[in-house]
file input-v7.pdb (PDB, C-alpha atoms)
ATOM      1  CA  MET A   1     -56.279 101.518 -64.901
ATOM      2  CA  TYR A   2     -52.893 100.933 -63.367
ATOM      3  CA  THR A   3     -52.763  99.871 -59.725
ATOM      4  CA  LYS A   4     -50.581 102.845 -58.822
ATOM      5  CA  ARG A   5     -53.085 105.329 -60.211
ATOM      6  CA  PHE A   6     -56.001 103.495 -58.528
ATOM      7  CA  VAL A   7     -54.253 103.753 -55.156
ATOM      8  CA  GLN A   8     -53.492 107.434 -55.763
ATOM      9  CA  LEU A   9     -57.133 108.176 -56.565
ATOM     10  CA  PHE A  10     -58.362 106.248 -53.528
ATOM     11  CA  VAL A  11     -56.012 108.118 -51.186
ATOM     12  CA  ILE A  12     -56.984 111.475 -52.688
ATOM     13  CA  PHE A  13     -60.692 110.627 -52.418
ATOM     14  CA  PHE A  14     -60.313 109.484 -48.807
ATOM     15  CA  VAL A  15     -58.431 112.641 -47.793
ATOM     16  CA  THR A  16     -60.935 114.789 -49.665
ATOM     17  CA  MET A  17     -63.931 113.300 -47.841
ATOM     18  CA  PHE A  18     -62.175 113.564 -44.490
ATOM     19  CA  ILE A  19     -61.278 117.243 -44.974
ATOM     20  CA  ALA A  20     -64.702 118.133 -46.397
ATOM     21  CA  THR A  21     -66.476 116.488 -43.439
ATOM     22  CA  PHE A  22     -64.155 118.218 -40.984
ATOM     23  CA  ILE A  23     -64.877 121.630 -42.538
ATOM     24  CA  LEU A  24     -68.619 120.887 -42.447
ATOM     25  CA  GLN A  25     -68.468 120.150 -38.721
ATOM     26  CA  GLN A  26     -66.290 123.141 -37.940
ATOM     27  CA  LEU A  27     -68.627 125.530 -39.742
ATOM     28  CA  ASN A  28     -71.624 123.824 -38.112
ATOM     29  CA  ILE A  29     -73.626 123.914 -41.331
ATOM     30  CA  GLN A  30     -77.150 122.571 -40.936
ATOM     31  CA  GLY A  31     -79.641 121.386 -43.510
ATOM     32  CA  TYR A  32     -79.273 118.680 -46.102
ATOM     33  CA  VAL A  33     -79.061 121.041 -49.097
ATOM     34  CA  TYR A  34     -76.427 123.293 -47.518
ATOM     35  CA  GLN A  35     -74.393 120.341 -46.300
ATOM     36  CA  ALA A  36     -74.512 118.666 -49.720
ATOM     37  CA  LEU A  37     -73.597 121.914 -51.454
ATOM     38  CA  THR A  38     -70.698 122.550 -49.080
ATOM     39  CA  LEU A  39     -69.410 119.001 -49.407
ATOM     40  CA  THR A  40     -69.618 119.212 -53.189
ATOM     41  CA  ILE A  41     -67.756 122.523 -53.456
ATOM     42  CA  VAL A  42     -65.076 121.719 -50.876
ATOM     43  CA  GLY A  43     -64.641 118.164 -52.170
ATOM     44  CA  TYR A  44     -64.367 119.336 -55.756
ATOM     45  CA  ILE A  45     -61.718 121.929 -54.918
ATOM     46  CA  ILE A  46     -59.649 119.547 -52.812
ATOM     47  CA  LEU A  47     -60.026 116.676 -55.272
ATOM     48  CA  THR A  48     -59.197 118.544 -58.465
ATOM     49  CA  ILE A  49     -55.983 120.190 -57.240
ATOM     50  CA  PRO A  50     -53.949 116.973 -56.710
ATOM     51  CA  LEU A  51     -55.502 115.356 -59.797
ATOM     52  CA  THR A  52     -54.503 118.367 -61.893
ATOM     53  CA  ILE A  53     -50.972 118.236 -60.496
ATOM     54  CA  LEU A  54     -50.698 114.504 -61.241
ATOM     55  CA  THR A  55     -51.955 115.049 -64.789
ATOM     56  CA  ILE A  56     -49.503 117.891 -65.427
ATOM     57  CA  LEU A  57     -46.593 115.833 -64.107
ATOM     58  CA  LYS A  58     -47.600 112.878 -66.262
ATOM     59  CA  GLN A  59     -47.935 115.006 -69.391
ATOM     60  CA  ARG A  60     -44.617 116.738 -68.699
ATOM     61  CA  LYS A  61     -42.929 113.374 -68.364
ATOM     62  CA  LYS A  62     -44.444 112.252 -71.655
ATOM     63  CA  PHE A  63     -43.336 115.490 -73.319
ATOM     64  CA  ASN A  64     -39.791 115.162 -72.029
ATOM     65  CA  ASN A  65     -39.575 111.564 -73.187
ATOM     66  CA  SER A  66     -40.973 112.513 -76.564
ATOM     67  CA  THR A  67     -38.529 115.403 -76.940
ATOM     68  CA  SER A  68     -35.623 113.177 -75.986
ATOM     69  CA  ASN A  69     -36.682 110.513 -78.473
ATOM     70  CA  GLN A  70     -37.175 113.072 -81.225
ATOM     71  CA  SER A  71     -33.697 114.489 -80.608
ATOM     72  CA  LYS A  72     -32.181 111.031 -80.611
ATOM     73  CA  ASP A  73     -33.980 110.185 -83.856
ATOM     74  CA  MET A  74     -32.725 113.388 -85.458
ATOM     75  CA  LEU A  75     -29.146 112.620 -84.475
ATOM     76  CA  GLN A  76     -29.407 109.073 -85.798
ATOM     77  CA  LYS A  77     -30.957 110.188 -89.072
ATOM     78  CA  THR A  78     -28.197 112.752 -89.535
ATOM     79  CA  LEU A  79     -25.451 110.225 -88.822
ATOM     80  CA  GLU A  80     -26.975 107.802 -91.334
ATOM     81  CA  THR A  81     -26.443 110.368 -94.106
ATOM     82  CA  LEU A  82     -22.795 110.989 -93.185
ATOM     83  CA  GLU A  83     -19.565 109.105 -93.599
ATOM     84  CA  ASN A  84     -18.084 108.014 -90.290
ATOM     85  CA  VAL A  85     -15.247 110.524 -90.626
ATOM     86  CA  MET A  86     -14.592 113.520 -88.400
ATOM     87  CA  VAL A  87     -12.095 116.328 -88.092
ATOM     88  CA  LEU A  88     -10.822 116.017 -84.524
ATOM     89  CA  SER A  89      -9.131 118.892 -82.715
ATOM     90  CA  THR A  90      -7.240 118.549 -79.450
ATOM     91  CA  VAL A  91      -5.319 121.064 -77.365
ATOM     92  CA  SER A  92      -2.248 120.831 -75.167
ATOM     93  CA  GLU A  93      -1.748 122.465 -71.769
ATOM     94  CA  SER A  94       0.189 125.225 -73.534
ATOM     95  CA  LYS A  95      -2.817 125.825 -75.844
ATOM     96  CA  ALA A  96      -1.161 124.252 -78.908
ATOM     97  CA  LEU A  97      -3.768 122.791 -81.280
ATOM     98  CA  THR A  98      -3.657 119.552 -83.223
ATOM     99  CA  THR A  99      -6.217 118.773 -85.904
ATOM    100  CA  SER A 100      -6.538 115.529 -87.841
ATOM    101  CA  VAL A 101      -9.024 113.511 -89.861
ATOM    102  CA  ILE A 102     -10.034 110.217 -88.300
ATOM    103  CA  THR A 103     -12.817 107.642 -88.536
ATOM    104  CA  PHE A 104     -15.240 107.057 -85.678
ATOM    105  CA  LYS A 105     -18.011 104.787 -84.457
ATOM    106  CA  GLN A 106     -21.016 105.809 -82.422
ATOM    107  CA  SER A 107     -21.673 103.811 -79.272
ATOM    108  CA  ARG A 108     -24.621 101.457 -79.660
ATOM    109  CA  SER A 109     -25.733 102.079 -76.073
ATOM    110  CA  GLU A 110     -25.133 105.841 -75.724
ATOM    111  CA  SER A 111     -26.021 108.093 -78.637
ATOM    112  CA  ASN A 112     -23.747 110.918 -77.446
ATOM    113  CA  VAL A 113     -20.613 108.776 -77.146
ATOM    114  CA  PHE A 114     -18.216 108.242 -80.038
ATOM    115  CA  TYR A 115     -15.164 105.992 -80.234
ATOM    116  CA  LEU A 116     -11.985 106.460 -82.265
ATOM    117  CA  VAL A 117      -8.946 104.218 -82.611
ATOM    118  CA  THR A 118      -5.426 105.561 -83.048
ATOM    119  CA  ALA A 119      -1.776 104.808 -82.331
ATOM    120  CA  GLY A 120      -0.871 105.339 -78.705
ATOM    121  CA  ASP A 121       2.114 107.599 -79.441
ATOM    122  CA  THR A 122       0.271 110.279 -81.405
ATOM    123  CA  GLN A 123       0.197 113.917 -80.386
ATOM    124  CA  ARG A 124      -3.563 113.961 -80.065
ATOM    125  CA  VAL A 125      -3.404 111.123 -77.535
ATOM    126  CA  ALA A 126      -0.801 112.987 -75.476
ATOM    127  CA  GLN A 127      -2.913 116.139 -75.526
ATOM    128  CA  ILE A 128      -6.084 114.322 -74.477
ATOM    129  CA  ARG A 129      -4.217 112.684 -71.610
ATOM    130  CA  ALA A 130      -3.064 116.119 -70.478
ATOM    131  CA  THR A 131      -6.277 118.126 -70.862
ATOM    132  CA  GLY A 132      -9.210 115.753 -71.433
ATOM    133  CA  ARG A 133     -10.553 118.179 -74.027
ATOM    134  CA  ALA A 134     -11.471 117.854 -77.682
ATOM    135  CA  ALA A 135     -13.690 119.286 -80.400
ATOM    136  CA  PHE A 136     -14.858 117.827 -83.687
ATOM    137  CA  THR A 137     -16.898 118.290 -86.804
ATOM    138  CA  THR A 138     -18.051 115.454 -89.015
ATOM    139  CA  TRP A 139     -17.544 115.293 -92.764
ATOM    140  CA  TYR A 140     -20.440 117.106 -94.401
ATOM    141  CA  GLN A 141     -23.143 115.684 -96.634
ATOM    142  CA  ALA A 142     -22.418 116.925-100.162
ATOM    143  CA  LYS A 143     -25.959 117.887-101.219
ATOM    144  CA  THR A 144     -27.290 119.449 -98.023
ATOM    145  CA  GLY A 145     -24.097 120.398 -96.200
ATOM    146  CA  GLN A 146     -25.454 118.596 -93.166
ATOM    147  CA  ARG A 147     -22.851 117.980 -90.490
ATOM    148  CA  ILE A 148     -22.452 117.557 -86.746
ATOM    149  CA  SER A 149     -20.001 119.492 -84.613
ATOM    150  CA  SER A 150     -19.229 120.062 -80.957
ATOM    151  CA  ASN A 151     -16.704 121.815 -78.734
ATOM    152  CA  GLN A 152     -18.367 120.579 -75.558
ATOM    153  CA  VAL A 153     -16.654 117.207 -75.365
ATOM    154  CA  THR A 154     -14.974 115.227 -72.614
ATOM    155  CA  ALA A 155     -12.232 113.075 -74.127
ATOM    156  CA  THR A 156     -10.561 110.090 -72.447
ATOM    157  CA  ILE A 157      -7.967 107.551 -73.492
ATOM    158  CA  ILE A 158      -8.698 103.845 -73.038
ATOM    159  CA  ASP A 159      -5.692 101.537 -73.100
ATOM    160  CA  ASP A 160      -4.002  98.538 -71.474
ATOM    161  CA  ARG A 161      -6.355  96.229 -69.586
ATOM    162  CA  GLU A 162      -9.344  98.540 -69.949
ATOM    163  CA  LEU A 163      -9.022  98.424 -73.739
ATOM    164  CA  GLN A 164      -9.969  94.756 -74.053
ATOM    165  CA  HIS A 165     -12.821  95.198 -71.576
ATOM    166  CA  THR A 166     -14.143  98.098 -73.653
ATOM    167  CA  LEU A 167     -13.867  96.075 -76.862
ATOM    168  CA  ASP A 168     -15.833  93.243 -75.294
ATOM    169  CA  LYS A 169     -18.500  95.629 -74.061
ATOM    170  CA  HIS A 170     -18.639  97.659 -77.276
ATOM    171  CA  PRO A 171     -17.806  95.312 -80.186
ATOM    172  CA  GLU A 172     -18.740  98.040 -82.663
ATOM    173  CA  ILE A 173     -15.288  99.552 -82.019
ATOM    174  CA  LYS A 174     -13.654  96.510 -83.636
ATOM    175  CA  GLU A 175     -14.897  97.775 -87.007
ATOM    176  CA  LEU A 176     -12.317 100.576 -86.779
ATOM    177  CA  SER A 177      -9.213  98.397 -86.717
ATOM    178  CA  ASP A 178      -7.982  94.849 -87.242
ATOM    179  CA  ASP A 179      -5.068  95.114 -84.812
ATOM    180  CA  PHE A 180      -5.251  96.804 -81.395
ATOM    181  CA  SER A 181      -1.823  95.722 -80.164
ATOM    182  CA  HIS A 182      -0.298  99.208 -80.478
ATOM    183  CA  GLN A 183      -3.551 101.143 -80.506
ATOM    184  CA  VAL A 184      -5.610 103.040 -77.952
ATOM    185  CA  ILE A 185      -9.270 104.004 -77.956
ATOM    186  CA  ILE A 186     -10.346 107.620 -77.752
ATOM    187  CA  LYS A 187     -13.730 108.019 -76.127
ATOM    188  CA  LEU A 188     -15.587 111.235 -76.881
ATOM    189  CA  HIS A 189     -18.416 111.988 -74.471
ATOM    190  CA  VAL A 190     -20.453 114.758 -76.090
ATOM    191  CA  HIS A 191     -22.377 117.112 -73.811
ATOM    192  CA  THR A 192     -23.740 119.498 -76.443
ATOM    193  CA  LEU A 193     -23.649 119.339 -80.228
ATOM    194  CA  ILE A 194     -24.907 121.284 -83.218
ATOM    195  CA  ILE A 195     -26.527 119.849 -86.330
ATOM    196  CA  GLU A 196     -26.125 122.245 -89.256
ATOM    197  CA  SER A 197     -26.810 122.296 -92.989
ATOM    198  CA  PHE A 198     -26.997 124.653 -95.951
ATOM    199  CA  ARG A 199     -30.786 124.829 -95.889
ATOM    200  CA  ASP A 200     -31.950 124.430 -92.279
ATOM    201  CA  GLN A 201     -31.476 126.422 -89.114
ATOM    202  CA  PRO A 202     -28.824 125.002 -86.748
ATOM    203  CA  ARG A 203     -30.221 122.586 -84.176
ATOM    204  CA  VAL A 204     -28.557 122.431 -80.753
ATOM    205  CA  MET A 205     -28.830 119.195 -78.801
ATOM    206  CA  THR A 206     -27.868 118.881 -75.125
ATOM    207  CA  PHE A 207     -27.444 115.563 -73.370
ATOM    208  CA  GLU A 208     -28.045 114.975 -69.672
ATOM    209  CA  ASN A 209     -25.574 112.146 -69.180
TER     210      ASN A 209
END

call {"tool": "encode", "arguments": {"input": "input-v7.pdb", "output": "structure tokens"}}
result
Amino acid sequence: MYTKRFVQLFVIFFVTMFIATFILQQLNIQGYVYQALTLTIVGYIILTIPLTILTILKQRKKFNNSTSNQSKDMLQKTLETLENVMVLSTVSESKALTTSVITFKQSRSESNVFYLVTAGDTQRVAQIRATGRAAFTTWYQAKTGQRISSNQVTATIIDDRELQHTLDKHPEIKELSDDFSHQVIIKLHVHTLIIESFRDQPRVMTFEN
């Protein structure tokens, strides 16, 4: 048994006995049988409530962790079946759309972050600088039609001094280009995405961070 849980149980037991004894004195219950019965009933009620709450909280935490892990596994399994190519759409302040096909890499530390590398003078870069918005859909898997898409994306441009720092922190980005001298990094922070296919119901995934 973990020390934390032992301390919790001891505190609950101590408070339970104190309250049960206090109630016994206040009601002025006499007789060994009646006192024992009262202590048992009151103690049981007071003891089980916090223990039940602790158990529910623990199980809920386990369930949330399990759900999160299952979602992450599903995203990873889907990405493993796809080419690292996406159709990226960006929008200007005047609502003009730009759509292009570009390769991407998933962050190794954050499953809902994707990196793209492109020339710094492209229209999509200018639009992201202006609005910080983007949407994408990955290339689909030929047999199942499985693909990932999202229009709930925060897009940022990484350049200049921050570019080298990002490359050092996320070396996986280097697989997208051999020369970053005239390039910038597009970071896509996905808040919600959809996993779809020809055969399965769409699966919506929402990320907290």

call {"tool": "closest_residue", "arguments": {"input": "input-v7.pdb", "among": "A:Asn112, A:Gln106, A:Thr90, A:Ser149", "to": "A:His189", "atoms": "all atoms listed in the file"}}
result
A:Asn112

call {"tool": "residues_around", "arguments": {"input": "input-v7.pdb", "residues": "A:Val87", "least_positions_apart": "2", "cutoff": "10 Å", "atoms": "only C-alpha atoms", "output": "list of chain:residue names"}}
result
A:Val85, A:Ser89, A:Thr99, A:Ser100, A:Val101, A:Ile102, A:Thr103, A:Ala135, A:Phe136, A:Thr137, A:Thr138, A:Trp139, A:Ser149

call {"tool": "closest_residue", "arguments": {"input": "input-v7.pdb", "among": "A:Ile185, A:Gln141, A:Glu80, A:Met86", "to": "A:Tyr115", "atoms": "only C-alpha atoms"}}
result
A:Ile185

call {"tool": "residues_around", "arguments": {"input": "input-v7.pdb", "residues": "A:Leu167", "least_positions_apart": "5", "cutoff": "10 Å", "atoms": "all atoms listed in the file", "output": "ChimeraX atom specification"}}
result
/A:162,172-174,180,185

call {"tool": "closest_residue", "arguments": {"input": "input-v7.pdb", "among": "A:Phe13, A:Asp200, A:Asn28, A:Phe6", "to": "A:Thr144", "atoms": "all atoms listed in the file"}}
result
A:Asp200

call {"tool": "residues_around", "arguments": {"input": "input-v7.pdb", "residues": "stretch 16-27 of chain A", "least_positions_apart": "2", "cutoff": "8 Å", "atoms": "only C-alpha atoms", "output": "PDB file with C-alpha atoms, in the coordinates of the input"}}
result
ATOM      1  CA  ILE A  12     -56.984 111.475 -52.688  1.00  0.00           C
ATOM      2  CA  PHE A  13     -60.692 110.627 -52.418  1.00  0.00           C
ATOM      3  CA  PHE A  14     -60.313 109.484 -48.807  1.00  0.00           C
ATOM      4  CA  ILE A  29     -73.626 123.914 -41.331  1.00  0.00           C
ATOM      5  CA  GLN A  35     -74.393 120.341 -46.300  1.00  0.00           C
ATOM      6  CA  THR A  38     -70.698 122.550 -49.080  1.00  0.00           C
ATOM      7  CA  LEU A  39     -69.410 119.001 -49.407  1.00  0.00           C
ATOM      8  CA  VAL A  42     -65.076 121.719 -50.876  1.00  0.00           C
ATOM      9  CA  GLY A  43     -64.641 118.164 -52.170  1.00  0.00           C
ATOM     10  CA  ILE A  46     -59.649 119.547 -52.812  1.00  0.00           C
ATOM     11  CA  LEU A  47     -60.026 116.676 -55.272  1.00  0.00           C
TER      12      LEU A  47
END

call {"tool": "closest_residue", "arguments": {"input": "input-v7.pdb", "among": "A:Arg129, A:Arg147, A:Arg124, A:Lys169", "to": "A:Ile194", "atoms": "only C-alpha atoms"}}
result
A:Arg147

call {"tool": "closest_residue", "arguments": {"input": "input-v7.pdb", "among": "A:Leu37, A:Met205, A:Ile128, A:Ala155", "to": "A:Glu93", "atoms": "all atoms listed in the file"}}
result
A:Ile128
